[in-house]
>>> print(open('final-v9.txt').read())   # compact mmCIF, C-alpha atoms and all ligand atoms
# COMPACT_ATOMS: atom_id res chain seq x y z
CA MET T 1 -19.87 -5.78 -13.49
CA PRO T 2 -17.66 -5.48 -16.61
CA PRO T 3 -19.09 -6.21 -20.07
CA ALA T 4 -18.81 -9.92 -20.94
CA THR T 5 -16.65 -9.22 -23.99
CA ILE T 6 -14.18 -6.92 -22.27
CA ARG T 7 -10.63 -7.02 -23.58
CA PRO T 8 -8.27 -8.04 -20.77
CA VAL T 9 -6.20 -5.18 -19.39
CA ALA T 10 -2.64 -5.59 -20.69
CA ILE T 11 -0.29 -4.99 -17.77
CA ALA T 12 3.48 -4.54 -17.62
CA VAL T 13 5.08 -5.34 -14.27
CA VAL T 14 8.04 -3.00 -13.75
CA GLY T 15 10.58 -4.00 -11.08
CA LEU T 16 10.85 -7.72 -10.40
CA GLY T 17 11.87 -8.11 -6.76
CA PHE T 18 8.63 -7.65 -4.81
CA GLY T 19 6.93 -7.05 -8.17
CA ALA T 20 7.51 -10.63 -9.37
CA GLU T 21 5.06 -11.89 -6.72
CA PHE T 22 2.24 -10.22 -8.63
CA ILE T 23 2.94 -11.70 -12.08
CA PRO T 24 0.88 -14.90 -11.69
CA ILE T 25 -1.98 -12.92 -10.15
CA HIS T 26 -2.13 -10.57 -13.14
CA GLN T 27 -1.84 -13.61 -15.42
CA GLN T 28 -4.72 -15.43 -13.78
CA HIS T 29 -7.12 -12.54 -13.21
CA PRO T 30 -10.03 -13.05 -15.63
CA HIS T 31 -9.87 -9.43 -16.90
CA ALA T 32 -6.10 -8.96 -17.01
CA ARG T 33 -3.00 -10.36 -18.61
CA CYS T 34 0.66 -9.80 -17.87
CA LEU T 35 1.85 -8.77 -21.31
CA ALA T 36 5.35 -7.56 -20.41
CA ILE T 37 7.94 -7.36 -17.67
CA CYS T 38 10.69 -4.81 -17.11
CA GLN T 39 13.77 -4.70 -14.93
CA ARG T 40 17.34 -3.61 -15.28
CA SER T 41 19.52 -6.72 -15.50
CA ARG T 42 19.09 -9.06 -18.48
CA GLU T 43 19.79 -12.28 -16.59
CA LYS T 44 17.01 -11.91 -14.03
CA LEU T 45 14.64 -10.54 -16.67
CA ASP T 46 15.11 -13.68 -18.76
CA GLN T 47 14.95 -15.97 -15.74
CA ILE T 48 11.57 -14.57 -14.71
CA GLY T 49 10.27 -14.23 -18.28
CA THR T 50 11.03 -17.89 -18.95
CA ALA T 51 9.59 -19.03 -15.63
CA TYR T 52 6.26 -17.31 -16.34
CA GLY T 53 6.20 -17.65 -20.12
CA ILE T 54 6.33 -13.90 -20.82
CA GLU T 55 7.83 -12.98 -24.18
CA ARG T 56 7.91 -9.18 -23.96
CA ARG T 57 10.89 -8.31 -21.78
CA TYR T 58 12.19 -4.78 -21.41
CA GLN T 59 15.31 -3.49 -19.71
CA ASN T 60 14.44 0.10 -20.47
CA TYR T 61 11.32 1.66 -18.95
CA ALA T 62 10.94 4.02 -21.95
CA ASP T 63 10.36 0.97 -24.16
CA VAL T 64 7.46 -0.12 -21.92
CA LEU T 65 5.88 3.30 -22.28
CA ASN T 66 6.37 3.24 -26.06
CA ASP T 67 4.65 -0.14 -26.41
CA PRO T 68 1.14 0.68 -27.69
CA ASP T 69 -0.23 -2.72 -26.61
CA ILE T 70 0.36 -2.00 -22.91
CA ASP T 71 -2.64 -0.48 -21.09
CA ALA T 72 -1.25 -0.25 -17.57
CA VAL T 73 1.99 -0.41 -15.62
CA HIS T 74 2.45 -1.93 -12.18
CA ILE T 75 5.49 -0.15 -10.72
CA ASN T 76 7.61 -1.91 -8.06
CA THR T 77 10.90 -0.07 -8.37
CA PRO T 78 12.89 1.69 -5.60
CA ILE T 79 11.07 4.44 -3.68
CA PRO T 80 12.73 7.49 -5.34
CA ASP T 81 11.51 6.21 -8.74
CA HIS T 82 7.81 5.87 -7.83
CA GLY T 83 6.83 9.48 -8.50
CA PRO T 84 8.84 10.10 -11.69
CA MET T 85 7.90 6.72 -13.20
CA SER T 86 4.18 7.18 -12.41
CA ILE T 87 4.26 10.66 -13.99
CA ARG T 88 5.96 9.37 -17.14
CA ALA T 89 3.45 6.52 -17.44
CA LEU T 90 0.41 8.80 -17.09
CA ARG T 91 1.91 11.19 -19.68
CA ALA T 92 2.31 8.17 -21.98
CA GLY T 93 -1.38 7.30 -21.56
CA LYS T 94 -0.97 4.28 -19.28
CA HIS T 95 -2.99 3.48 -16.16
CA VAL T 96 -0.77 3.15 -13.08
CA MET T 97 -0.66 0.93 -10.04
CA CYS T 98 2.40 1.75 -7.93
CA THR T 99 3.72 0.25 -4.74
CA VAL T 100 4.04 2.49 -1.66
CA PRO T 101 4.71 5.32 -1.11
CA MET T 102 3.23 7.35 -3.97
CA ALA T 103 6.27 9.66 -4.22
CA THR T 104 8.89 11.45 -2.17
CA SER T 105 7.66 15.05 -2.56
CA LEU T 106 4.40 17.00 -2.51
CA GLU T 107 5.19 18.31 -6.00
CA GLU T 108 5.32 14.80 -7.48
CA CYS T 109 2.09 13.82 -5.70
CA LYS T 110 0.32 16.92 -7.05
CA THR T 111 1.54 16.27 -10.60
CA ILE T 112 0.10 12.74 -10.44
CA VAL T 113 -3.24 14.00 -9.07
CA ASP T 114 -3.41 16.65 -11.82
CA LEU T 115 -2.52 14.18 -14.58
CA VAL T 116 -5.17 11.71 -13.43
CA GLU T 117 -7.78 14.47 -13.41
CA GLN T 118 -6.71 15.74 -16.84
CA THR T 119 -6.52 12.33 -18.52
CA GLY T 120 -9.18 10.23 -16.78
CA LEU T 121 -6.60 7.47 -16.40
CA ARG T 122 -6.63 5.32 -13.25
CA TYR T 123 -3.95 5.65 -10.57
CA MET T 124 -3.84 3.41 -7.48
CA MET T 125 -1.22 3.20 -4.75
CA ALA T 126 -0.92 -0.47 -3.87
CA GLU T 127 -1.10 -0.15 -0.06
CA THR T 128 -1.08 -3.72 1.23
CA VAL T 129 -2.37 -3.14 4.78
CA VAL T 130 -5.81 -1.88 3.72
CA TYR T 131 -6.41 -5.11 1.78
CA SER T 132 -5.01 -7.44 4.49
CA ARG T 133 -7.47 -9.86 6.04
CA GLU T 134 -7.06 -8.17 9.46
CA PHE T 135 -8.04 -4.81 8.01
CA LEU T 136 -10.94 -6.23 5.98
CA PHE T 137 -12.16 -7.89 9.19
CA VAL T 138 -12.09 -4.75 11.35
CA LYS T 139 -13.58 -2.69 8.54
CA HIS T 140 -16.43 -5.15 8.37
CA LEU T 141 -16.89 -4.82 12.16
CA ALA T 142 -16.87 -1.02 11.92
CA ASP T 143 -19.24 -0.88 8.91
CA SER T 144 -21.69 -3.27 10.55
CA GLY T 145 -21.87 -1.12 13.70
CA SER T 146 -20.42 -3.80 16.02
CA LEU T 147 -17.74 -1.43 17.31
CA GLY T 148 -20.23 1.35 18.05
CA LYS T 149 -18.97 4.90 17.65
CA ILE T 150 -15.31 4.96 16.60
CA GLN T 151 -13.41 7.03 19.18
CA PHE T 152 -9.74 6.67 18.25
CA VAL T 153 -7.47 4.74 15.91
CA GLN T 154 -3.74 4.08 16.02
CA ALA T 155 -1.24 2.16 13.94
CA SER T 156 2.45 1.45 13.93
CA HIS T 157 5.03 0.29 11.42
CA GLN T 158 8.41 -0.44 12.89
CA GLN T 159 11.09 -2.09 10.81
CA ASP T 160 14.83 -2.29 11.36
CA MET T 161 16.29 -1.42 7.95
CA ASP T 162 19.93 -1.28 9.06
CA GLY T 163 22.19 -2.52 6.30
CA TRP T 164 19.66 -2.05 3.48
CA PRO T 165 21.26 -0.46 0.42
CA ASP T 166 20.91 2.60 -1.77
CA TYR T 167 18.25 5.06 -0.66
CA TRP T 168 17.38 3.36 2.65
CA PRO T 169 20.14 4.48 5.08
CA GLY T 170 18.82 7.44 7.08
CA LEU T 171 15.41 7.62 5.31
CA PRO T 172 13.08 9.73 7.50
CA PRO T 173 10.66 7.22 9.08
CA MET T 174 7.57 9.19 8.07
CA HIS T 175 8.62 9.26 4.41
CA TYR T 176 7.34 5.67 4.27
CA ALA T 177 4.30 5.94 6.52
CA THR T 178 1.46 4.62 4.38
CA HIS T 179 1.33 1.22 6.14
CA CYS T 180 0.24 3.01 9.34
CA VAL T 181 -1.49 6.11 7.93
CA GLY T 182 -3.50 4.08 5.38
CA PRO T 183 -5.55 1.90 7.76
CA CYS T 184 -6.32 4.84 10.09
CA LEU T 185 -7.84 6.81 7.21
CA ALA T 186 -9.36 3.90 5.28
CA LEU T 187 -11.44 2.60 8.20
CA GLU T 188 -14.10 5.30 7.84
CA ARG T 189 -12.92 6.61 4.46
CA LYS T 190 -11.62 9.92 5.83
CA ASP T 191 -8.84 12.26 4.72
CA ALA T 192 -6.08 13.57 6.96
CA LEU T 193 -6.77 17.28 7.62
CA GLU T 194 -3.67 18.24 9.59
CA VAL T 195 -0.70 16.55 11.20
CA SER T 196 1.53 17.19 14.17
CA CYS T 197 4.57 15.01 14.75
CA PHE T 198 7.41 14.71 17.26
CA GLY T 199 10.75 13.11 16.60
CA SER T 200 12.23 11.01 19.38
CA GLY T 201 15.76 9.78 20.06
CA ARG T 202 18.67 10.03 17.65
CA ILE T 203 20.17 7.71 15.05
CA ARG T 204 23.90 7.39 14.29
CA ASP T 205 25.57 10.44 12.76
CA ASP T 206 26.46 8.64 9.51
CA LEU T 207 22.74 7.86 9.02
CA VAL T 208 21.66 11.41 9.94
CA ALA T 209 23.90 12.82 7.21
CA ALA T 210 22.00 11.13 4.36
CA TYR T 211 18.69 13.03 4.70
CA GLY T 212 19.36 15.40 7.63
CA SER T 213 16.83 13.39 9.64
CA PRO T 214 18.05 12.71 13.20
CA PHE T 215 15.08 10.88 14.74
CA ALA T 216 14.94 7.19 15.70
CA ILE T 217 11.16 7.25 16.07
CA GLU T 218 8.58 9.64 14.68
CA SER T 219 5.08 9.63 16.20
CA ALA T 220 2.31 11.76 14.77
CA HIS T 221 -1.26 12.72 15.48
CA LEU T 222 -3.55 13.18 12.50
CA LYS T 223 -6.74 15.17 12.68
CA LEU T 224 -9.31 13.60 10.37
CA ARG T 225 -11.43 15.73 8.04
CA ASP T 226 -15.20 15.79 8.73
CA SER T 227 -14.68 13.69 11.85
CA ASP T 228 -14.07 14.06 15.59
CA VAL T 229 -11.65 11.13 15.48
CA VAL T 230 -7.91 11.57 15.90
CA ALA T 231 -5.36 9.00 14.71
CA ARG T 232 -1.91 8.30 16.09
CA VAL T 233 0.82 6.72 13.96
CA ILE T 234 4.31 5.54 14.91
CA ARG T 235 7.29 4.75 12.63
CA SER T 236 10.87 3.64 13.17
CA LEU T 237 13.55 2.49 10.72
CA PHE T 238 16.98 2.61 12.40
CA ASP T 239 18.71 2.16 15.76
CA THR T 240 15.56 0.93 17.50
CA ALA T 241 15.43 -2.67 18.69
CA ARG T 242 12.23 -3.75 16.98
CA GLN T 243 12.78 -5.91 13.94
CA TYR T 244 9.24 -5.81 12.55
CA ARG T 245 5.91 -4.63 13.80
CA GLU T 246 2.76 -3.61 12.02
CA SER T 247 -0.19 -2.90 14.24
CA PHE T 248 -3.65 -1.40 14.02
CA ASP T 249 -5.95 -0.63 16.96
CA VAL T 250 -9.49 0.69 16.72
CA TYR T 251 -11.25 1.92 19.85
CA GLY T 252 -15.04 1.99 19.65
CA SER T 253 -17.78 2.70 22.18
CA LYS T 254 -19.02 -0.92 22.09
CA GLN T 255 -15.99 -2.92 20.99
CA SER T 256 -12.30 -2.29 20.44
CA PHE T 257 -9.94 -4.17 18.15
CA GLU T 258 -6.18 -4.58 18.74
CA TRP T 259 -3.93 -6.24 16.17
CA GLN T 260 -0.21 -6.54 15.68
CA ALA T 261 1.71 -8.62 13.18
CA VAL T 262 3.30 -11.31 15.34
CA ASP T 263 3.32 -14.83 13.91
CA GLY T 264 0.37 -16.90 15.05
CA GLU T 265 -1.25 -14.31 17.31
CA GLU T 266 -4.87 -13.53 16.66
CA PRO T 267 -6.19 -10.00 17.20
CA ILE T 268 -7.96 -9.17 20.47
CA LEU T 269 -11.53 -7.90 20.51
CA HIS T 270 -12.58 -6.10 23.71
CA THR T 271 -16.32 -5.89 24.40
CA ALA T 272 -17.68 -3.25 26.79
CA LYS T 273 -20.08 -3.93 29.67
CA LEU T 274 -19.17 -7.60 30.17
CA SER T 275 -17.71 -9.12 33.31
CA GLU T 276 -14.00 -8.26 33.43
CA SER T 277 -12.70 -11.69 32.40
CA GLN T 278 -15.05 -11.74 29.39
CA ILE T 279 -14.01 -8.37 27.98
CA PRO T 280 -10.88 -9.33 25.97
CA LYS T 281 -11.12 -12.27 23.54
CA ARG T 282 -8.76 -13.43 20.82
CA VAL T 283 -10.69 -13.70 17.56
CA PRO T 284 -9.89 -15.70 14.43
CA VAL T 285 -9.76 -13.55 11.31
CA PRO T 286 -11.58 -14.96 8.29
CA ASP T 287 -10.02 -15.05 4.85
CA TYR T 288 -11.67 -12.78 2.30
CA ALA T 289 -10.90 -14.82 -0.81
CA HIS T 290 -14.62 -15.07 -1.55
CA LEU T 291 -14.54 -11.41 -2.61
CA LEU T 292 -12.23 -12.32 -5.49
CA PRO T 293 -12.72 -14.02 -8.86
CA GLU T 294 -12.20 -17.77 -8.43
CA PRO T 295 -8.92 -18.07 -10.43
CA ILE T 296 -7.05 -15.74 -8.05
CA GLN T 297 -8.67 -16.75 -4.77
CA ARG T 298 -5.83 -19.13 -3.89
CA PHE T 299 -3.35 -16.25 -3.79
CA THR T 300 -4.74 -15.01 -0.46
CA THR T 301 -3.22 -18.01 1.31
CA HIS T 302 -0.66 -19.58 -1.03
CA GLY T 303 2.82 -18.41 -1.82
CA VAL T 304 3.72 -17.75 -5.41
CA TYR T 305 6.74 -18.60 -7.48
CA ASP T 306 9.82 -16.70 -6.38
CA ALA T 307 11.93 -16.33 -9.47
CA GLY T 308 14.90 -15.19 -7.41
CA ASP T 309 15.88 -18.70 -6.41
CA HIS T 310 13.39 -20.79 -8.41
CA GLN T 311 11.53 -21.99 -5.36
CA HIS T 312 7.86 -22.18 -4.59
CA LEU T 313 7.53 -20.27 -1.37
CA SER T 314 4.95 -20.29 1.34
CA PHE T 315 4.96 -16.72 2.62
CA THR T 316 4.94 -16.28 6.36
CA GLN T 317 2.47 -13.43 5.85
CA GLY T 318 0.08 -15.99 4.31
CA GLY T 319 -0.07 -15.32 0.60
CA GLY T 320 1.82 -12.06 0.95
CA HIS T 321 1.04 -9.24 3.40
CA GLY T 322 -2.14 -10.59 4.96
CA GLY T 323 -3.41 -12.04 1.70
CA SER T 324 -3.63 -8.55 0.19
CA HIS T 325 -1.90 -9.07 -3.15
CA PRO T 326 -4.82 -10.55 -5.15
CA HIS T 327 -7.19 -7.94 -3.66
CA LEU T 328 -4.90 -5.15 -4.88
CA VAL T 329 -4.79 -6.58 -8.39
CA HIS T 330 -8.55 -7.10 -8.42
CA GLU T 331 -9.26 -3.57 -7.22
CA PHE T 332 -7.01 -2.02 -9.87
CA VAL T 333 -8.24 -4.16 -12.76
CA SER T 334 -11.90 -3.77 -11.72
CA ALA T 335 -11.53 0.01 -11.61
CA ILE T 336 -10.21 0.04 -15.17
CA VAL T 337 -12.79 -2.32 -16.67
CA THR T 338 -15.80 -0.83 -14.87
CA GLY T 339 -14.74 2.82 -15.21
CA ARG T 340 -14.89 3.59 -11.48
CA MET T 341 -12.07 4.95 -9.34
CA PRO T 342 -9.86 2.49 -7.43
CA TYR T 343 -9.28 2.73 -3.70
CA PRO T 344 -7.07 4.47 -2.88
CA ASN T 345 -7.31 6.74 -5.92
CA ALA T 346 -4.75 9.44 -6.73
CA ARG T 347 -6.04 12.03 -4.25
CA GLN T 348 -6.37 9.49 -1.46
CA SER T 349 -2.91 8.09 -2.19
CA ALA T 350 -1.56 11.65 -2.10
CA ASN T 351 -3.33 12.34 1.19
CA TRP T 352 -1.82 9.24 2.84
CA THR T 353 1.67 9.86 1.41
CA CYS T 354 1.69 13.62 2.11
CA ALA T 355 0.48 13.02 5.68
CA GLY T 356 3.80 11.22 6.21
CA LEU T 357 5.93 13.73 4.30
CA LEU T 358 4.37 16.62 6.24
CA ALA T 359 4.64 14.73 9.53
CA HIS T 360 8.40 14.73 9.03
CA GLU T 361 8.34 18.48 8.31
CA SER T 362 6.35 18.92 11.52
CA ALA T 363 8.87 16.88 13.51
CA LEU T 364 11.73 19.00 12.15
CA ALA T 365 9.76 22.10 13.26
CA GLY T 366 9.31 20.79 16.81
CA GLY T 367 5.78 19.40 16.41
CA MET T 368 4.13 22.34 14.65
CA SER T 369 0.70 21.49 13.22
CA VAL T 370 0.82 21.30 9.41
CA PRO T 371 -2.32 21.30 7.22
CA LEU T 372 -2.72 18.82 4.37
CA PRO T 373 -3.20 20.54 0.99
CA GLU T 374 -6.76 20.66 -0.33
CA TRP T 375 -5.84 18.88 -3.55
CA THR T 376 -5.33 15.72 -1.46
CA PHE T 377 -8.95 15.71 -0.24
CA SER T 378 -11.01 13.00 -1.86
CA GLY T 379 -14.63 14.24 -1.66
CA LYS T 380 -17.55 12.03 -2.51
CA THR T 381 -16.54 10.08 -5.58
CA PRO T 382 -17.15 6.52 -6.79
CA ALA T 383 -13.89 5.77 -5.00
CA ASP T 384 -15.82 5.83 -1.74
CA LYS T 385 -16.86 2.25 -2.35
CA THR T 386 -15.29 0.15 0.40
CA PRO T 387 -13.12 -2.93 -0.14
CA SER T 388 -15.58 -5.02 1.88
CA ASP T 389 -18.39 -3.96 -0.48
CA LYS T 390 -16.62 -5.63 -3.34
CA THR T 391 -18.12 -8.64 -5.01
CA PRO T 392 -16.39 -11.27 -7.11
CA SER T 393 -18.03 -9.86 -10.22
CA ASP T 394 -16.83 -6.31 -9.63
N1 LIG T 401 4.15 -4.24 1.67
C1 LIG T 401 4.54 -3.49 0.66
O1 LIG T 401 3.79 -2.67 0.20
C2 LIG T 401 5.94 -3.68 0.07
C3 LIG T 401 6.70 -4.82 0.36
C4 LIG T 401 7.95 -4.97 -0.25
C5 LIG T 401 8.45 -3.99 -1.13
N2 LIG T 401 7.68 -2.88 -1.37
C6 LIG T 401 8.19 -1.83 -2.28
O2 LIG T 401 8.51 -2.38 -3.53
C7 LIG T 401 9.58 -1.65 -4.11
C8 LIG T 401 10.64 -2.61 -4.61
O3 LIG T 401 11.19 -3.28 -3.50
P1 LIG T 401 12.14 -4.55 -3.71
O4 LIG T 401 12.49 -5.04 -2.36
O5 LIG T 401 11.55 -5.49 -4.70
O6 LIG T 401 13.43 -3.84 -4.37
P2 LIG T 401 14.55 -4.52 -5.24
O7 LIG T 401 15.70 -3.57 -5.19
O8 LIG T 401 14.76 -5.94 -4.84
O9 LIG T 401 13.95 -4.55 -6.72
C9 LIG T 401 13.82 -3.40 -7.49
C10 LIG T 401 13.46 -3.81 -8.91
O10 LIG T 401 13.28 -2.63 -9.68
C11 LIG T 401 14.03 -2.73 -10.87
N3 LIG T 401 14.41 -1.39 -11.31
C12 LIG T 401 15.08 -0.45 -10.60
N4 LIG T 401 15.21 0.67 -11.34
C13 LIG T 401 14.63 0.42 -12.53
C14 LIG T 401 14.45 1.16 -13.71
N5 LIG T 401 14.92 2.41 -13.83
N6 LIG T 401 13.80 0.59 -14.75
C15 LIG T 401 13.31 -0.66 -14.65
N7 LIG T 401 13.44 -1.41 -13.54
C16 LIG T 401 14.11 -0.89 -12.51
C17 LIG T 401 15.22 -3.58 -10.51
O11 LIG T 401 15.80 -4.13 -11.68
C18 LIG T 401 14.54 -4.62 -9.62
O12 LIG T 401 13.91 -5.62 -10.39
C19 LIG T 401 10.08 -0.68 -3.05
O13 LIG T 401 9.58 0.59 -3.31
C20 LIG T 401 9.50 -1.22 -1.78
O14 LIG T 401 9.26 -0.21 -0.83
C21 LIG T 401 6.44 -2.72 -0.81
>>> encode(input="final-v9.txt", output="structure tokens")
Amino acid sequence: MPPATIRPVAIAVVGLGFGAEFIPIHQQHPHARCLAICQRSREKLDQIGTAYGIERRYQNYADVLNDPDIDAVHINTPIPDHGPMSIRALRAGKHVMCTVPMATSLEECKTIVDLVEQTGLRYMMAETVVYSREFLFVKHLADSGSLGKIQFVQASHQQDMDGWPDYWPGLPPMHYATHCVGPCLALERKDALEVSCFGSGRIRDDLVAAYGSPFAIESAHLKLRDSDVVARVIRSLFDTARQYRESFDVYGSKQSFEWQAVDGEEPILHTAKLSESQIPKRVPVPDYAHLLPEPIQRFTTHGVYDAGDHQHLSFTQGGGHGGSHPHLVHEFVSAIVTGRMPYPNARQSANWTCAGLLAHESALAGGMSVPLPEWTFSGKTPADKTPSDKTPSD
């Protein structure tokens, strides 16, 4: 529990597309405040600043880092900027929460891990899936022993990104793999030890040219460290007729859990040793707002102001990606004010991100097994605290 007189963490939200959804959550968290916002164009910056009553508005990221009143940055800029911007922020003495993935190279991930260990600052990759209500539910089932011995986990993230601008065309699927790698590793708090991946199919030549990545689908097996469990992850981004799918399946000796993000469909829980018709059952997933401080509980189920078109939106995901957004903010802020590590911390974020980056290397090498570097292994740290252990006063 933080000291009663704690000074709220002063946060700057950088990147105001997806990032704007988090502004009211930072504003209403009892131990945080959204002191500043930053994005490139003046018009949108002012539109959002006025909508949320934020006076400090920066168009230049360097000005955010030079502002001595800012404790932490929440980075939501395009993927190639995540690594360099996180590194600059840590060098400037700011705590960092950054949207996924952590970075686009092993070198950037290692620099972030080293900086966090040198400075004692907090770094958290804001992976939404591991704070979604479906994940919190299955983690609770696993932690309570209901599933029995975990035998296998698998996850997918398929998204048709055709027509998206800038850095997206031709992006290797496994370069953005944290939505499927994250839940597989977070369930029992394990690291990926090695990865083997195959590429399947072929995307259009103009897309291949961008990154030299020919595959329509990449599917990888991850061997987990200190575990007999293997995980399988599947990614696609182009020329595959699946508009959106996130899924997570956990196979246990007593019960198995199968979930995929399709509107209105509840996950299926399979229970062993029952009569055949009783084995599969759809189960309602509870909301985990009670784990949060009261002022931000409503953000698990309610949309927030979308400054893009000045509408109040009700997100189809239900409060944004399975209600994860307020949990992410709470985890990051709690880690800063209590002095513990967030989950995932820098090493864990690097392990999840590098598992994807190395999976792509493996696919290019015909499925060769590639070890994860040791500096991505988390060890037993305060970060081992699980999301479902959290209490509102954390
Ligand atoms: N579930 C998830 O975890 C999830 C969901 C959506 C988006 N994202 C991630 O969020 C990030 C942003 O996505 P988006 O759709 O909002 O993109 P976007 O292009 O709509 O917005 C990018 C924002 O970053 C700002 N920006 C870019 N370069 C900047 C710079 N140098 N300095 C300051 N600001 C800068 C832009 O002005 C803009 O506000 C991406 O990395 C995306 O992958 C994650």
>>> closest_residue(input="final-v9.txt", among="T:Ser219, T:Gln159, T:Gln28, T:Thr128", to="ligand LIG 401 (chain T)", atoms="all atoms listed in the file")
T:Thr128
>>> residues_around(input="final-v9.txt", residues="Ala12 of chain T", least_positions_apart="5", cutoff="6 Å", atoms="only C-alpha atoms", output="number ranges by chain")
T: 34-37, 73
>>> closest_atom_pairs(input="final-v9.txt", of="chain T", to="ligand LIG 401 (chain T)", cutoff="7 Å", atoms="all atoms listed in the file", output="tab-separated table")
residue	atom	partner	partner_atom	distance
T:Val14	CA	T:LIG401	N7	5.6
T:Gly15	CA	T:LIG401	O10	3.3
T:Leu16	CA	T:LIG401	O12	3.7
T:Gly17	CA	T:LIG401	O5	3.3
T:Phe18	CA	T:LIG401	O5	3.6
T:Gly19	CA	T:LIG401	O5	6.0
T:Cys38	CA	T:LIG401	C15	5.5
T:Gln39	CA	T:LIG401	N7	3.6
T:Arg40	CA	T:LIG401	O11	3.9
T:Ser41	CA	T:LIG401	O11	5.9
T:Gln59	CA	T:LIG401	C15	6.1
T:Asn60	CA	T:LIG401	N6	5.8
T:Tyr61	CA	T:LIG401	N6	5.0
T:Asn76	CA	T:LIG401	C7	4.4
T:Thr77	CA	T:LIG401	O10	3.7
T:Pro78	CA	T:LIG401	O13	4.2
T:Ile79	CA	T:LIG401	O13	4.1
T:Thr99	CA	T:LIG401	C6	5.5
T:Val100	CA	T:LIG401	O1	5.5
T:Ala126	CA	T:LIG401	O1	6.6
T:Glu127	CA	T:LIG401	O1	5.5
T:Thr128	CA	T:LIG401	O1	5.1
T:His321	CA	T:LIG401	N1	6.1
>>> write_last_selection(input="final-v9.txt", atoms="C-alpha atoms", output="mmCIF file, in the coordinates of the input")
data_model
loop_
_atom_site.group_PDB
_atom_site.id
_atom_site.type_symbol
_atom_site.label_atom_id
_atom_site.label_comp_id
_atom_site.auth_asym_id
_atom_site.auth_seq_id
_atom_site.Cartn_x
_atom_site.Cartn_y
_atom_site.Cartn_z
ATOM 1 C CA VAL T 14 8.040 -3.000 -13.750
ATOM 2 C CA GLY T 15 10.580 -4.000 -11.080
ATOM 3 C CA LEU T 16 10.850 -7.720 -10.400
ATOM 4 C CA GLY T 17 11.870 -8.110 -6.760
ATOM 5 C CA PHE T 18 8.630 -7.650 -4.810
ATOM 6 C CA GLY T 19 6.930 -7.050 -8.170
ATOM 7 C CA CYS T 38 10.690 -4.810 -17.110
ATOM 8 C CA GLN T 39 13.770 -4.700 -14.930
ATOM 9 C CA ARG T 40 17.340 -3.610 -15.280
ATOM 10 C CA SER T 41 19.520 -6.720 -15.500
ATOM 11 C CA GLN T 59 15.310 -3.490 -19.710
ATOM 12 C CA ASN T 60 14.440 0.100 -20.470
ATOM 13 C CA TYR T 61 11.320 1.660 -18.950
ATOM 14 C CA ASN T 76 7.610 -1.910 -8.060
ATOM 15 C CA THR T 77 10.900 -0.070 -8.370
ATOM 16 C CA PRO T 78 12.890 1.690 -5.600
ATOM 17 C CA ILE T 79 11.070 4.440 -3.680
ATOM 18 C CA THR T 99 3.720 0.250 -4.740
ATOM 19 C CA VAL T 100 4.040 2.490 -1.660
ATOM 20 C CA ALA T 126 -0.920 -0.470 -3.870
ATOM 21 C CA GLU T 127 -1.100 -0.150 -0.060
ATOM 22 C CA THR T 128 -1.080 -3.720 1.230
ATOM 23 C CA HIS T 321 1.040 -9.240 3.400
#
>>> closest_atom_pairs(input="final-v9.txt", of="segment 133-206 of chain T", to="segment 258-270 of chain T", cutoff="12 Å", atoms="all atoms listed in the file", output="tab-separated table")
residue	atom	partner	partner_atom	distance
T:Arg133	CA	T:Pro267	CA	11.2
T:Glu134	CA	T:Trp259	CA	7.7
T:Phe135	CA	T:Trp259	CA	9.2
T:Phe137	CA	T:Pro267	CA	10.2
T:Val138	CA	T:Glu258	CA	9.5
T:Leu141	CA	T:Leu269	CA	10.4
T:Ser146	CA	T:Leu269	CA	10.8
T:Leu147	CA	T:His270	CA	9.5
T:Phe152	CA	T:Glu258	CA	11.8
T:Val153	CA	T:Glu258	CA	9.8
T:Gln154	CA	T:Glu258	CA	9.4
T:Ala155	CA	T:Gln260	CA	8.9
T:Ser156	CA	T:Gln260	CA	8.6
T:His157	CA	T:Gln260	CA	9.6
T:Gln158	CA	T:Ala261	CA	10.6
T:Gln159	CA	T:Ala261	CA	11.7
T:Cys180	CA	T:Gln260	CA	11.5
T:Pro183	CA	T:Trp259	CA	11.8
>>> atom_distance(input="final-v9.txt", atom1="atom CA of His327 of chain T", atom2="atom CA of Met124 of chain T")
12.4 Å
>>> residues_around(input="final-v9.txt", residues="Gln255 of chain T", least_positions_apart="4", cutoff="10 Å", atoms="only C-alpha atoms", output="PyMOL selection string")
chain T and resi 141-142+145-150+250-251+269-273+279-280
>>> atom_distance(input="final-v9.txt", atom1="atom CA of Pro284 of chain T", atom2="atom CA of His29 of chain T")
28.0 Å
>>> atom_distance(input="final-v9.txt", atom1="atom CA of Glu107 of chain T", atom2="atom CA of Pro84 of chain T")
10.6 Å
>>> closest_residue(input="final-v9.txt", among="T:Val283, T:Ile23, T:Arg235, T:Arg202", to="Ala51 of chain T", atoms="all atoms listed in the file")
T:Ile23
>>> closest_residue(input="final-v9.txt", among="T:Ile11, T:Ile234, T:Met97, T:Leu136", to="Asp287 of chain T", atoms="only C-alpha atoms")
T:Leu136
>>> residues_around(input="final-v9.txt", residues="Leu222 of chain T", least_positions_apart="3", cutoff="10 Å", atoms="all atoms listed in the file", output="list in words")
Val153, Gln154, Val181, Cys184, Leu185, Asp191, Ala192, Leu193, Glu194, Val195, Ser196, Cys197, Arg225, Val229, Val230, Ala231, Arg232, Val233, Ala355, Gly356, Ala359, Ser369, Val370, Pro371 and Leu372 of chain T
>>> residues_near_point(input="final-v9.txt", point="(1.2, 3.9, -8.2)", cutoff="10 Å", atoms="all atoms listed in the file", output="number ranges by chain")
T: 73-76, 82-83, 85-87, 89, 95-103, 112, 122-127, 344-346, 349
